[in-house]
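K.L.:
Have a peek at work_16.pdb (PDB, C-alpha atoms).
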ATOM      1  CA  MET A   1     121.099  69.652 143.472  1.00  0.00           C
ATOM      2  CA  GLU A   2     122.083  66.860 141.151  1.00  0.00           C
ATOM      3  CA  SER A   3     120.847  63.312 140.763  1.00  0.00           C
ATOM      4  CA  PRO A   4     122.311  60.781 143.170  1.00  0.00           C
ATOM      5  CA  GLN A   5     125.504  59.115 142.057  1.00  0.00           C
ATOM      6  CA  ASN A   6     125.340  55.333 142.400  1.00  0.00           C
ATOM      7  CA  ASN A   7     128.536  53.369 142.728  1.00  0.00           C
ATOM      8  CA  LEU A   8     128.981  49.640 142.419  1.00  0.00           C
ATOM      9  CA  TYR A   9     129.926  47.567 145.403  1.00  0.00           C
ATOM     10  CA  ARG A  10     133.653  47.535 146.093  1.00  0.00           C
ATOM     11  CA  TYR A  11     136.022  45.948 148.547  1.00  0.00           C
ATOM     12  CA  GLU A  12     137.415  48.452 150.971  1.00  0.00           C
ATOM     13  CA  ARG A  13     139.981  48.120 153.708  1.00  0.00           C
ATOM     14  CA  LYS A  14     141.099  50.782 156.142  1.00  0.00           C
ATOM     15  CA  TYR A  15     144.319  50.499 158.101  1.00  0.00           C
ATOM     16  CA  LEU A  16     145.518  52.441 161.070  1.00  0.00           C
ATOM     17  CA  LEU A  17     149.293  52.181 161.201  1.00  0.00           C
ATOM     18  CA  LYS A  18     152.020  53.375 163.456  1.00  0.00           C
ATOM     19  CA  LYS A  19     154.154  55.896 161.621  1.00  0.00           C
ATOM     20  CA  ILE A  20     157.188  53.640 161.971  1.00  0.00           C
ATOM     21  CA  ASN A  21     155.424  50.951 159.844  1.00  0.00           C
ATOM     22  CA  LEU A  22     154.098  53.229 157.097  1.00  0.00           C
ATOM     23  CA  ASN A  23     156.973  52.951 154.594  1.00  0.00           C
ATOM     24  CA  LYS A  24     157.062  49.165 154.862  1.00  0.00           C
ATOM     25  CA  PHE A  25     153.277  48.978 154.359  1.00  0.00           C
ATOM     26  CA  LEU A  26     153.399  51.279 151.301  1.00  0.00           C
ATOM     27  CA  ALA A  27     156.248  49.245 149.796  1.00  0.00           C
ATOM     28  CA  GLU A  28     154.067  46.129 150.094  1.00  0.00           C
ATOM     29  CA  LEU A  29     151.168  47.894 148.405  1.00  0.00           C
ATOM     30  CA  PHE A  30     153.300  49.059 145.474  1.00  0.00           C
ATOM     31  CA  LYS A  31     154.922  45.623 145.180  1.00  0.00           C
ATOM     32  CA  ASN A  32     151.414  44.181 144.791  1.00  0.00           C
ATOM     33  CA  ASN A  33     150.424  46.604 142.004  1.00  0.00           C
ATOM     34  CA  PHE A  34     148.474  49.106 144.090  1.00  0.00           C
ATOM     35  CA  LYS A  35     148.396  52.650 142.713  1.00  0.00           C
ATOM     36  CA  GLU A  36     147.635  55.913 144.467  1.00  0.00           C
ATOM     37  CA  VAL A  37     144.261  57.102 143.143  1.00  0.00           C
ATOM     38  CA  TYR A  38     144.020  60.401 145.057  1.00  0.00           C
ATOM     39  CA  LYS A  39     146.675  62.570 146.596  1.00  0.00           C
ATOM     40  CA  LYS A  40     146.677  62.656 150.388  1.00  0.00           C
ATOM     41  CA  ARG A  41     143.888  64.987 151.428  1.00  0.00           C
ATOM     42  CA  PHE A  42     141.826  66.179 154.370  1.00  0.00           C
ATOM     43  CA  ILE A  43     138.300  64.828 154.707  1.00  0.00           C
ATOM     44  CA  ASN A  44     135.564  66.482 156.767  1.00  0.00           C
ATOM     45  CA  ASN A  45     132.368  64.730 157.819  1.00  0.00           C
ATOM     46  CA  ILE A  46     129.206  65.437 159.713  1.00  0.00           C
ATOM     47  CA  TYR A  47     127.802  62.066 160.773  1.00  0.00           C
ATOM     48  CA  TYR A  48     124.133  61.541 161.552  1.00  0.00           C
ATOM     49  CA  ASP A  49     122.572  59.076 163.963  1.00  0.00           C
ATOM     50  CA  THR A  50     119.352  58.377 165.833  1.00  0.00           C
ATOM     51  CA  TYR A  51     118.701  59.625 169.358  1.00  0.00           C
ATOM     52  CA  ASN A  52     119.685  56.147 170.597  1.00  0.00           C
ATOM     53  CA  TYR A  53     122.891  56.092 168.498  1.00  0.00           C
ATOM     54  CA  ASP A  54     121.687  53.018 166.600  1.00  0.00           C
ATOM     55  CA  LEU A  55     124.124  53.477 163.688  1.00  0.00           C
ATOM     56  CA  LEU A  56     127.082  53.805 166.047  1.00  0.00           C
ATOM     57  CA  SER A  57     125.937  50.698 167.932  1.00  0.00           C
ATOM     58  CA  HIS A  58     125.710  48.710 164.679  1.00  0.00           C
ATOM     59  CA  ASN A  59     129.289  49.716 163.888  1.00  0.00           C
ATOM     60  CA  ILE A  60     130.658  48.884 167.352  1.00  0.00           C
ATOM     61  CA  GLU A  61     128.828  45.536 167.334  1.00  0.00           C
ATOM     62  CA  GLY A  62     130.416  44.794 163.958  1.00  0.00           C
ATOM     63  CA  LEU A  63     127.135  44.035 162.185  1.00  0.00           C
ATOM     64  CA  SER A  64     127.923  42.806 158.696  1.00  0.00           C
ATOM     65  CA  GLU A  65     124.945  44.676 157.223  1.00  0.00           C
ATOM     66  CA  ARG A  66     124.863  48.339 158.203  1.00  0.00           C
ATOM     67  CA  LYS A  67     124.719  51.870 156.842  1.00  0.00           C
ATOM     68  CA  LYS A  68     125.694  55.391 157.724  1.00  0.00           C
ATOM     69  CA  ILE A  69     124.604  58.811 156.577  1.00  0.00           C
ATOM     70  CA  ARG A  70     126.935  61.787 156.441  1.00  0.00           C
ATOM     71  CA  ILE A  71     127.723  65.121 154.868  1.00  0.00           C
ATOM     72  CA  ARG A  72     131.257  65.123 153.411  1.00  0.00           C
ATOM     73  CA  TRP A  73     133.635  67.708 151.976  1.00  0.00           C
ATOM     74  CA  TYR A  74     137.343  68.037 151.344  1.00  0.00           C
ATOM     75  CA  GLY A  75     139.919  70.623 152.375  1.00  0.00           C
ATOM     76  CA  GLU A  76     139.327  73.149 155.116  1.00  0.00           C
ATOM     77  CA  THR A  77     136.790  72.321 157.811  1.00  0.00           C
ATOM     78  CA  PHE A  78     135.273  75.768 158.205  1.00  0.00           C
ATOM     79  CA  GLY A  79     134.473  78.107 155.367  1.00  0.00           C
ATOM     80  CA  LEU A  80     132.851  77.868 151.951  1.00  0.00           C
ATOM     81  CA  SER A  81     133.128  74.474 150.230  1.00  0.00           C
ATOM     82  CA  LYS A  82     131.203  72.038 148.040  1.00  0.00           C
ATOM     83  CA  LYS A  83     129.386  69.493 150.198  1.00  0.00           C
ATOM     84  CA  THR A  84     127.882  66.105 149.433  1.00  0.00           C
ATOM     85  CA  ILE A  85     125.361  64.007 151.304  1.00  0.00           C
ATOM     86  CA  GLU A  86     126.279  60.309 151.293  1.00  0.00           C
ATOM     87  CA  LEU A  87     124.528  57.115 152.245  1.00  0.00           C
ATOM     88  CA  LYS A  88     127.145  54.407 152.730  1.00  0.00           C
ATOM     89  CA  ILE A  89     125.993  50.791 152.829  1.00  0.00           C
ATOM     90  CA  LYS A  90     128.141  47.931 154.075  1.00  0.00           C
ATOM     91  CA  SER A  91     127.467  44.287 153.334  1.00  0.00           C
ATOM     92  CA  GLU A  92     130.135  41.969 154.767  1.00  0.00           C
ATOM     93  CA  PHE A  93     133.415  43.193 153.158  1.00  0.00           C
ATOM     94  CA  LEU A  94     131.669  45.011 150.311  1.00  0.00           C
ATOM     95  CA  ASN A  95     130.705  48.676 150.400  1.00  0.00           C
ATOM     96  CA  THR A  96     128.754  50.991 148.180  1.00  0.00           C
ATOM     97  CA  LYS A  97     127.570  54.536 148.546  1.00  0.00           C
ATOM     98  CA  GLU A  98     125.076  56.877 147.023  1.00  0.00           C
ATOM     99  CA  SER A  99     126.038  60.536 146.846  1.00  0.00           C
ATOM    100  CA  LEU A 100     124.202  63.730 146.115  1.00  0.00           C
ATOM    101  CA  SER A 101     125.839  67.133 145.723  1.00  0.00           C
ATOM    102  CA  ILE A 102     124.101  69.670 147.954  1.00  0.00           C
ATOM    103  CA  GLY A 103     126.041  72.698 146.767  1.00  0.00           C
ATOM    104  CA  LYS A 104     128.535  75.092 148.310  1.00  0.00           C
ATOM    105  CA  PHE A 105     127.902  76.104 151.884  1.00  0.00           C
ATOM    106  CA  LYS A 106     129.819  77.893 154.558  1.00  0.00           C
ATOM    107  CA  ILE A 107     130.064  76.458 158.053  1.00  0.00           C
ATOM    108  CA  ASN A 108     132.030  78.561 160.523  1.00  0.00           C
ATOM    109  CA  SER A 109     131.629  76.473 163.666  1.00  0.00           C
ATOM    110  CA  PHE A 110     130.055  73.320 165.051  1.00  0.00           C
ATOM    111  CA  GLU A 111     127.309  75.480 166.566  1.00  0.00           C
ATOM    112  CA  GLU A 112     126.097  76.321 163.018  1.00  0.00           C
ATOM    113  CA  ILE A 113     125.457  72.684 162.109  1.00  0.00           C
ATOM    114  CA  THR A 114     121.815  72.703 163.246  1.00  0.00           C
ATOM    115  CA  LYS A 115     121.090  75.655 160.943  1.00  0.00           C
ATOM    116  CA  PHE A 116     122.982  73.905 158.133  1.00  0.00           C
ATOM    117  CA  ASN A 117     121.062  70.675 158.786  1.00  0.00           C
ATOM    118  CA  ASN A 118     117.716  72.479 158.458  1.00  0.00           C
ATOM    119  CA  TYR A 119     118.874  73.933 155.138  1.00  0.00           C
ATOM    120  CA  VAL A 120     119.843  70.447 153.854  1.00  0.00           C
ATOM    121  CA  ILE A 121     116.448  68.989 154.837  1.00  0.00           C
ATOM    122  CA  ASP A 122     114.567  71.871 153.199  1.00  0.00           C
ATOM    123  CA  ASN A 123     116.569  71.451 149.985  1.00  0.00           C
ATOM    124  CA  LEU A 124     115.945  67.699 149.851  1.00  0.00           C
ATOM    125  CA  LEU A 125     112.206  68.367 150.178  1.00  0.00           C
ATOM    126  CA  LEU A 126     112.250  71.076 147.507  1.00  0.00           C
ATOM    127  CA  LYS A 127     113.998  68.724 145.104  1.00  0.00           C
ATOM    128  CA  ASN A 128     111.674  65.822 145.969  1.00  0.00           C
ATOM    129  CA  ASP A 129     114.681  63.704 146.912  1.00  0.00           C
ATOM    130  CA  PHE A 130     112.878  61.437 149.325  1.00  0.00           C
ATOM    131  CA  LYS A 131     115.561  58.752 149.441  1.00  0.00           C
ATOM    132  CA  PHE A 132     118.041  61.026 151.235  1.00  0.00           C
ATOM    133  CA  TYR A 133     115.268  62.902 153.026  1.00  0.00           C
ATOM    134  CA  ASN A 134     113.914  59.667 154.549  1.00  0.00           C
ATOM    135  CA  GLU A 135     117.418  58.680 155.659  1.00  0.00           C
ATOM    136  CA  ILE A 136     118.180  61.986 157.358  1.00  0.00           C
ATOM    137  CA  ILE A 137     114.834  63.205 158.714  1.00  0.00           C
ATOM    138  CA  ASN A 138     114.789  61.186 161.962  1.00  0.00           C
ATOM    139  CA  LYS A 139     118.489  61.577 162.613  1.00  0.00           C
ATOM    140  CA  ASN A 140     120.615  64.315 164.080  1.00  0.00           C
ATOM    141  CA  PRO A 141     124.117  65.536 163.338  1.00  0.00           C
ATOM    142  CA  VAL A 142     126.155  63.967 166.138  1.00  0.00           C
ATOM    143  CA  ILE A 143     129.793  64.495 165.264  1.00  0.00           C
ATOM    144  CA  LEU A 144     131.968  66.604 163.023  1.00  0.00           C
ATOM    145  CA  ASN A 145     135.375  65.104 162.312  1.00  0.00           C
ATOM    146  CA  ARG A 146     138.396  65.738 160.128  1.00  0.00           C
ATOM    147  CA  TYR A 147     141.260  63.477 159.135  1.00  0.00           C
ATOM    148  CA  GLN A 148     143.885  63.045 156.459  1.00  0.00           C
ATOM    149  CA  ARG A 149     143.693  60.009 154.195  1.00  0.00           C
ATOM    150  CA  SER A 150     145.578  58.347 151.352  1.00  0.00           C
ATOM    151  CA  TYR A 151     143.826  56.179 148.761  1.00  0.00           C
ATOM    152  CA  TYR A 152     145.257  53.181 146.911  1.00  0.00           C
ATOM    153  CA  LEU A 153     143.594  50.872 144.422  1.00  0.00           C
ATOM    154  CA  SER A 154     144.515  47.472 143.002  1.00  0.00           C
TER     155      SER A 154
END
Could you write out this file's structure as structure tokens?
P.N.:
Amino acid sequence: MESPQNNLYRYERKYLLKKINLNKFLAELFKNNFKEVYKKRFINNIYYDTYNYDLLSHNIEGLSERKKIRIRWYGETFGLSKKTIELKIKSEFLNTKESLSIGKFKINSFEEITKFNNYVIDNLLLKNDFKFYNEIINKNPVILNRYQRSYYLS
């Protein structure tokens, strides 16, 4: 495993658009000097939460100060791929995240996530990475999702 990657706070906006409005929205972005920073790609996540779903509740309630913990990778959902553990922190409209590469792993189904989770916890302990360990130890993988995203930056 590598050292955590620390990013500065950044403004981030996510938009869910009807397909009919996409071209008009992109034209506005380009007109205002936005540039595509990554090609459209598939993102896979395993999100963690407490038994009481506290992190989900904080999100639904719209708390301005909140965090989430997830495992993320790009491309195909199942199979061998490089995975990263991320702690994402939100403060009002600013976001930052800390990331740690946890290596290449193969997940073939949602049923394998518990086994994968145990492996992640063991590795964090072996590497004495208590920041991520403390964030994940009392949480459980609660959802695996996949979506396609485009990224633009001004």
K.L.:
Got a sec: who's within 12 Å of Thr84 (chain A), counting only C-alpha atoms, leaving out chain neighbours fewer than 6 positions off, as a ChimeraX atom specification?
P.N.:
/A:1-5,43-46,69-74,97-105,120,132
K.L.:
Would you save the residues of that selection, restricted to C-alpha atoms, as an mmCIF file, in the frame of the given file?
P.N.:
data_model
loop_
_atom_site.group_PDB
_atom_site.id
_atom_site.type_symbol
_atom_site.label_atom_id
_atom_site.label_comp_id
_atom_site.auth_asym_id
_atom_site.auth_seq_id
_atom_site.Cartn_x
_atom_site.Cartn_y
_atom_site.Cartn_z
ATOM 1 C CA MET A 1 121.099 69.652 143.472
ATOM 2 C CA GLU A 2 122.083 66.860 141.151
ATOM 3 C CA SER A 3 120.847 63.312 140.763
ATOM 4 C CA PRO A 4 122.311 60.781 143.170
ATOM 5 C CA GLN A 5 125.504 59.115 142.057
ATOM 6 C CA ILE A 43 138.300 64.828 154.707
ATOM 7 C CA ASN A 44 135.564 66.482 156.767
ATOM 8 C CA ASN A 45 132.368 64.730 157.819
ATOM 9 C CA ILE A 46 129.206 65.437 159.713
ATOM 10 C CA ILE A 69 124.604 58.811 156.577
ATOM 11 C CA ARG A 70 126.935 61.787 156.441
ATOM 12 C CA ILE A 71 127.723 65.121 154.868
ATOM 13 C CA ARG A 72 131.257 65.123 153.411
ATOM 14 C CA TRP A 73 133.635 67.708 151.976
ATOM 15 C CA TYR A 74 137.343 68.037 151.344
ATOM 16 C CA LYS A 97 127.570 54.536 148.546
ATOM 17 C CA GLU A 98 125.076 56.877 147.023
ATOM 18 C CA SER A 99 126.038 60.536 146.846
ATOM 19 C CA LEU A 100 124.202 63.730 146.115
ATOM 20 C CA SER A 101 125.839 67.133 145.723
ATOM 21 C CA ILE A 102 124.101 69.670 147.954
ATOM 22 C CA GLY A 103 126.041 72.698 146.767
ATOM 23 C CA LYS A 104 128.535 75.092 148.310
ATOM 24 C CA PHE A 105 127.902 76.104 151.884
ATOM 25 C CA VAL A 120 119.843 70.447 153.854
ATOM 26 C CA PHE A 132 118.041 61.026 151.235
#
K.L.:
Using 8 Å of padding on each side, determine the axis-aligned box around all atoms of region 23-30 of chain A present in the file and give its centre and edge lengths in Å to one decimal, as lines of an AutoDock Vina configuration file.
P.N.:
center_x = 154.1
center_y = 49.5
center_z = 150.2
size_x = 21.9
size_y = 22.8
size_z = 25.4
K.L.:
Hey, what's within 9 Å of Leu55 (chain A) if we count all atoms listed in the file and toss same-chain stuff fewer than 3 positions away? As an mmCIF file with C-alpha atoms, in the coordinates of the input, please?
P.N.:
data_model
loop_
_atom_site.group_PDB
_atom_site.id
_atom_site.type_symbol
_atom_site.label_atom_id
_atom_site.label_comp_id
_atom_site.auth_asym_id
_atom_site.auth_seq_id
_atom_site.Cartn_x
_atom_site.Cartn_y
_atom_site.Cartn_z
ATOM 1 C CA TYR A 48 124.133 61.541 161.552
ATOM 2 C CA ASP A 49 122.572 59.076 163.963
ATOM 3 C CA THR A 50 119.352 58.377 165.833
ATOM 4 C CA ASN A 52 119.685 56.147 170.597
ATOM 5 C CA HIS A 58 125.710 48.710 164.679
ATOM 6 C CA ASN A 59 129.289 49.716 163.888
ATOM 7 C CA ILE A 60 130.658 48.884 167.352
ATOM 8 C CA ARG A 66 124.863 48.339 158.203
ATOM 9 C CA LYS A 67 124.719 51.870 156.842
ATOM 10 C CA LYS A 68 125.694 55.391 157.724
ATOM 11 C CA ILE A 69 124.604 58.811 156.577
#
K.L.:
Rounded to one decimal place, report the CA of Thr96 (chain A)-CA of Leu8 (chain A) distance in Å.
P.N.:
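The value is 5.9 Å.
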K.L.:
For Val142 (chain A), which residue out of A:Leu94, A:Leu124, A:Leu63, A:Ile113 is the nearest one, using all atoms listed in the file?
P.N.:
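Counting all atoms listed in the file, the residue closest to Val142 (chain A) is A:Ile113.
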K.L.:
Point out the residue among A:Arg13, A:Asn33, A:Asn140, A:Glu65 with the least atom-to-atom distance to Ser91 (chain A), counting all atoms listed in the file.
P.N.:
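Ranked by minimum distance to Ser91 (chain A), first place goes to A:Glu65.
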K.L.:
Could you tell me which of A:Phe30, A:Phe42, A:Asp129, A:Asn23 comes closest to Arg149 (chain A) if we count all atoms listed in the file?
P.N.:
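For Arg149 (chain A), the nearest of the given residues is A:Phe42.
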